[in-house]
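The block underneath contains the structure these notes are about, expressed in structure tokens.
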Amino acid sequence: MYCPQFEREFYDRVYAAHLARPDHELVVNRVVLLDQMDNPAAPAYERRRLYRAALDSLLAEPLEGRSVLDYGCGPGDWGVLLATEGASVTLLDLSPVAIELGLRRARASGVADRVRGVARDASDLGCFADGEFDLVFACASLHHTLKYPAAFAELVRVIRPGGKLVLAETLGNNPLLNAARRWRARLEREPVEQGEGIVLSDAEIDLLRRHFRQVEIVPMNLLAMAKRLFRGRFTLPWVRRLLGGLEQADAWLLAWRPELKRYCGEVVITAVK
Ligand SMILES: C[S@@+](CC[C@H](N)C(=O)[O-])C[C@H]1O[C@@H](n2cnc3c(N)ncnc32)[C@H](O)[C@@H]1O
């Protein structure tokens, strides 16, 4: 059973650890993120293909003066990065500690004047007007909020007509990957409060198609989802060679059989309202 209070407390504890870090470690911008994606020792390395596709979608249009919502912002990397690109950013998260951390990162990155924070459950966005945002980005967070009634309707409401929703998500159409996720969660004793129970699948993509006039889907990583087995070990050259091989095999397989794309493990979705 999910409960926003437990999820909030769980993420408060996760993000509190980062508050002790010195300011220079909290700086974020495009260069820092790209460096982290290329650094096998950084957690972003594992998701580098997902993050690169998300970045391409987010930076496809100039962000100067745009009103952007980082939805379920967590430690705020993305929202602060988008502020360094000129956007006016709102960080939104259930966890007040996430917001405190995000605002500190905005100060450390020199964009405090363009970033505000709102600690709130995404199922009630009454503090925002209809169509308040030009762009909403949700990285690994929509699958957390969809389980709460009204969250999806609220998300759609706050995007202006013609505005954009970009999602970087885990894709849940593949029964084998889903079973592996469940086993991993059990083995790692992942707490239910982490709220990872729902992943985005065809049903949620259909829901998006009903509310957005244009929905572009970029699935990625089929065999390469085996990367999860090597979490924390990408500094080993043989692990990187293996991952590179799996990514190349995916490229061939998905070009040969495009219908397999829906079974990939990760996806970037760009939807225009
Ligand atoms: C997996 S984290 C992703 C964080 C961040 N977007 C990132 O990519 O690092 C999911 C986030 O969603 C937030 N969240 C979960 N349920 C929420 C809700 N109902 N309203 C707002 N945020 C929520 C959590 O607090 C958490 O920070």
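Going through the structure tokens in order, the chains are called A, B, and so on, while each chain numbers its residues from 1 and the ligands are numbered from 1 in the order shown.
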
Could you pull out the strand (DSSP E) residues of region 23-183 of chain A from DSSP and send them as a ChimeraX atom specification? /A:67-71,88-93,115-119,133-139,159-170

Residues at most 9 Å from ligand 1, using only C-alpha atoms and all ligand atoms? Could they come as an MDAnalysis selection string? chainID A and resid 4 7:12 14:15 70:79 92:96 98 119:124 137:148 151 168 194:196

All residues 12 Å or closer to region 239-250 of chain A, only C-alpha atoms, same chain fewer than 5 positions away omitted, as a ChimeraX atom specification: /A:38-41,45-49,219-234,255-258,260-261,263-265

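Minimum atom-to-atom distances from A:Cys127, A:Leu19, A:Ala54, A:Gln36 to Leu103 (chain A) were compared using only C-alpha atoms, and the lowest value belongs to A:Leu19.
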
Apply DSSP to the structure's backbone, then extract all residues of region 87-260 of chain A labelled helix (DSSP H, G or I) and return them as a PyMOL selection string. chain A and resi 96-108+112-114+142-145+151-158+175-187+192-194+202-211+223-230+237-256+258-260

Quick check, in Å to one decimal: how far apart do CA of Ala271 (chain A) and CA of Ala129 (chain A) lie? 19.9 Å

Excluding region 61-67 of chain A and its own-chain neighbours fewer than 2 positions away, which residues fall within 10 Å of it when counting only C-alpha atoms? Please give them as a list in words. Asp56, Ser57, Leu58, Leu59, Leu69, Leu82, Ala83, Thr84, Glu85, Gly86, Ala87, Ser88, Val89, Thr90, Arg114, Glu132, Phe133, Asp134, Leu135, Val136, Ile159 and Gly163 of chain A

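The space between CA of Leu125 (chain A) and CA of Ala153 (chain A) spans 9.8 Å.
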
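Distance-wise, CA of Gly131 (chain A) and CA of Val158 (chain A) end up 4.4 Å apart.
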